[in-house]
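Have a look at the structure below, then the notes.
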Amino acid sequence: MTVACSKCGSILLDGEGGAGEWRDCSSCGSAIRLRLFPAYQRTVAPTRTEATLQGESSCFFHPHKRAVVPCDECGRFLCALCRVEFGARNICPGCIDSGMKKGNLAAVETTRRRFDSIALAVAALPSLLIWPTLFTGPVAIYLSVQHWNDPPGILPRGRWRLVVAFVIGIAQVTAWIGLFVYLFTLRNQLLL
Amino acid sequence: MTYRRLPGKRRTLGGYSTLWMAEDHLLLVKSLRFTEQYKRFYFRDIQAFLIRRKTFSDARNMWDILFWLGVVAIYLVGHAQVTALFGAALLLYMRFSGPYCACHIQTAVQVEPLPSLYRLRVAEEVLNQLVPLIEAAQMEESLLSEMPPQES
């Protein structure tokens with residue numbers, strides 16, 4: 001593995017240097033500060049699995065391989081090949097797969113839809129044209145209520161967007177009901 | 001797991017990008033307004049941190065400045081001095097808030113840009129915060145790998 005200039009792609013160094021000092025790329029002349037870490041020099045040994053001996057526990061997925069850790073989610077025994085480390089936790093491929101599908105395993109979450117932002121946008125943006133709020137007001141209320149108990153994301157984030165969307169939605173619906181009631185009574189007065 | 005936000009935020013038309021730090025990894029968040037995408041870089045896997053100072057000729061840098069120069073010129077011609085003043089103030093801010101840079105992080109299998117670190121001052125501040133943590137994590141990792149296996 002080498003380190004390449006992020007502008008021209010030419011190789012900056014192939015194993016030495018990189019203490020964080022500024023240098024010029026020999027190809028494009030860009031000023032570059034490169035900081036290397038010990039992992040750059042580390043060679044990763046291939047994962048070795050051992051065959052099960054009599055009396056030893058075996059891997060859930062590979063019955064002939066020796067188990068080294070249990071899965072921290074489901075408790076299945078795992079060999080060195082099936083063990084996936086997330087910080088201090090060991091998780092099996094099955095739990096990673098189901099965690100990604102259900103969205104309940106924060107360590108593997110790669111995408112999250114922000115329904116609070118959607119609710120706020122649905123509540124606020126149509127207000128510029130006024131008439132779409134007849135439809136979007138109830139939708140904003142529905143989204144706010146529906147997603148109030150959504151599991152919190154991995155990043156700290158308050159619920160104020162849902163609250164604001166709900167309040168705007170209620171205000172819009174109330175205003176439309178008031179308008180219709182007013183028009184209805186006005187119509188009745190004119191007919192009389 | 002608790003995250004702490006690191007300095008720097010890159011706004012674009014479609015969203016923004018920020019960098020967060022947990023106890024054992026960095027989290028790159030790309031927000032597209034209604035969705036967020038996450039990429040994790042574990043301290044033990046980070047091989048290199050690359051900061052490239054940008055010059056005026058770098059496209060983004062140049063277009064930013066030309067855009068605001070254009071704003072100033074158009075409004076001066078149109079006798080809209082207040083708007084021209086606003087454009088000029090932004091130009092001055094861009095000039096005096098330090099040089100631009102492009103920041104990349106490298107692991108064994110990827111080289112990923114960090115869009116939120118686009119100011120040299122911010123990038124260096126973040127790098128100074130991260131270096132001791134990454135080195136400590138990798139030192140611990142190498143100590144663990146050197147330990148002889150325990151007899152049971």
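Residue numbering restarts at 1 for every chain of the structure tokens, chains are lettered A, B, ... in their displayed order, and ligands are numbered from 1 as they appear.
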- [ ] With a distance threshold of 6 Å and counting only C-alpha atoms, extract the residues of chain B near chain A and express them as a PyMOL selection string.
- [x] chain B and resi 34-38+47-53
Open item on the list: Set the distance at 12 Å and use only C-alpha atoms: which residues neighbour Ser58 (chain A) once local chain neighbours fewer than 4 positions away are removed? I'd like the list as a list in words.
Closed with: Thr49, Glu50, Ala51, Thr52, Leu53, Gln54, His62, Pro63, His64, Lys65, Arg66, Ala67, Val68, Val69, Pro70, Arg76, Phe77, Leu78, Cys79, Ala80 and Cys82 of chain A
Enumerate as a PDB file with C-alpha atoms, in the first residue's frame all residues of region 24-175 of chain A assigned to strand (DSSP E or B) by DSSP on the backbone, naming them with the chain letters and numbers the document uses.
ATOM      1  CA  ASP A  24       5.743  19.260  -2.105  1.00  0.00           C
ATOM      2  CA  ALA A  31       1.909  21.384  -0.711  1.00  0.00           C
ATOM      3  CA  ILE A  32       1.004  18.242   1.213  1.00  0.00           C
ATOM      4  CA  ARG A  33       1.101  17.306   4.874  1.00  0.00           C
ATOM      5  CA  LEU A  34       1.217  13.577   5.315  1.00  0.00           C
ATOM      6  CA  ARG A  35       0.815  11.903   8.692  1.00  0.00           C
ATOM      7  CA  LEU A  36       1.410   8.166   8.746  1.00  0.00           C
ATOM      8  CA  ALA A  51      -9.941 -27.781  13.300  1.00  0.00           C
ATOM      9  CA  SER A  58     -17.300 -25.931  17.225  1.00  0.00           C
ATOM     10  CA  LYS A  65     -13.753 -25.439  12.972  1.00  0.00           C
ATOM     11  CA  ARG A  66     -12.934 -24.609  16.576  1.00  0.00           C
ATOM     12  CA  VAL A  69     -15.846 -16.528  20.798  1.00  0.00           C
ATOM     13  CA  PRO A  70     -19.626 -16.405  21.189  1.00  0.00           C
ATOM     14  CA  PHE A  77     -20.275 -19.971  18.838  1.00  0.00           C
ATOM     15  CA  LEU A  78     -18.022 -18.537  16.139  1.00  0.00           C
ATOM     16  CA  VAL A  84     -16.602  -9.858  13.095  1.00  0.00           C
ATOM     17  CA  GLU A  85     -15.272  -7.370  15.604  1.00  0.00           C
ATOM     18  CA  PHE A  86     -17.018  -4.072  16.353  1.00  0.00           C
ATOM     19  CA  ARG A  89     -17.986  -6.751  20.567  1.00  0.00           C
ATOM     20  CA  ASN A  90     -17.981  -9.871  18.410  1.00  0.00           C
ATOM     21  CA  ILE A  91     -20.947 -10.333  16.116  1.00  0.00           C
ATOM     22  CA  THR A 111     -28.003   5.037   6.236  1.00  0.00           C
ATOM     23  CA  ARG A 112     -30.875   6.553   8.166  1.00  0.00           C
ATOM     24  CA  ARG A 113     -33.936   8.307   6.835  1.00  0.00           C
TER      25      ARG A 113
END
Task: Straight-line distance linking CA of Ser127 (chain A) with CA of Trp160 (chain A), stated in Å to one decimal - done: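 We find that CA of Ser127 (chain A) and CA of Trp160 (chain A) lie 18.9 Å from each other.
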Open item on the list: Just the number, please: distance in Å from CA of Leu162 (chain A) to CA of Ser31 (chain B), one decimal.
Closed with: 18.1 Å
Task: For CA of Ile65 (chain B) and CA of Leu92 (chain B), the interatomic separation in Å (one decimal) - done: 9.9 Å
Open item on the list: Taking only chain B into account, list the residues labelled alpha helix (DSSP H) by DSSP (computed from the backbone), as a PyMOL selection string.
Closed with: chain B and resi 59-77+81-96+120-146
Task: Distance query Pro7 (chain B) at most 8 Å, only C-alpha atoms, self and fewer than 5 positions along chain excluded, as a PyMOL selection string - done: chain B and resi 19+117+122+126
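Within 12 Å of Phe96 (chain B), once only C-alpha atoms are used and residues closer than 6 positions along the same chain are dropped, the contacting residues are Ala89, Leu90, Arg119 and Arg121 of chain B.
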Task: Shell of 9 Å around region 167-175 of chain A, only C-alpha atoms, local chain residues under 6 positions omitted, as a ChimeraX atom specification - done: /A:120,122-124,127,133-142
Let me see the file: selected residues, C-alpha atoms, as a tab-separated table (two decimals), in the first residue's frame.
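Wrote it out as selection.tsv, contents follow:
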chain	number	residue	atom	x	y	z
A	120	LEU	CA	-40.80	19.62	9.13
A	122	VAL	CA	-43.84	18.84	4.68
A	123	ALA	CA	-45.21	21.23	7.28
A	124	ALA	CA	-43.20	24.33	6.41
A	127	SER	CA	-46.91	27.19	3.47
A	133	THR	CA	-51.37	22.99	3.21
A	134	LEU	CA	-54.93	21.68	2.94
A	135	PHE	CA	-53.33	18.30	2.22
A	136	THR	CA	-49.87	18.62	3.72
A	137	GLY	CA	-51.04	19.82	7.17
A	138	PRO	CA	-52.66	16.47	8.05
A	139	VAL	CA	-49.67	14.64	6.52
A	140	ALA	CA	-47.29	16.62	8.77
A	141	ILE	CA	-49.40	15.73	11.83
A	142	TYR	CA	-49.45	12.06	10.79
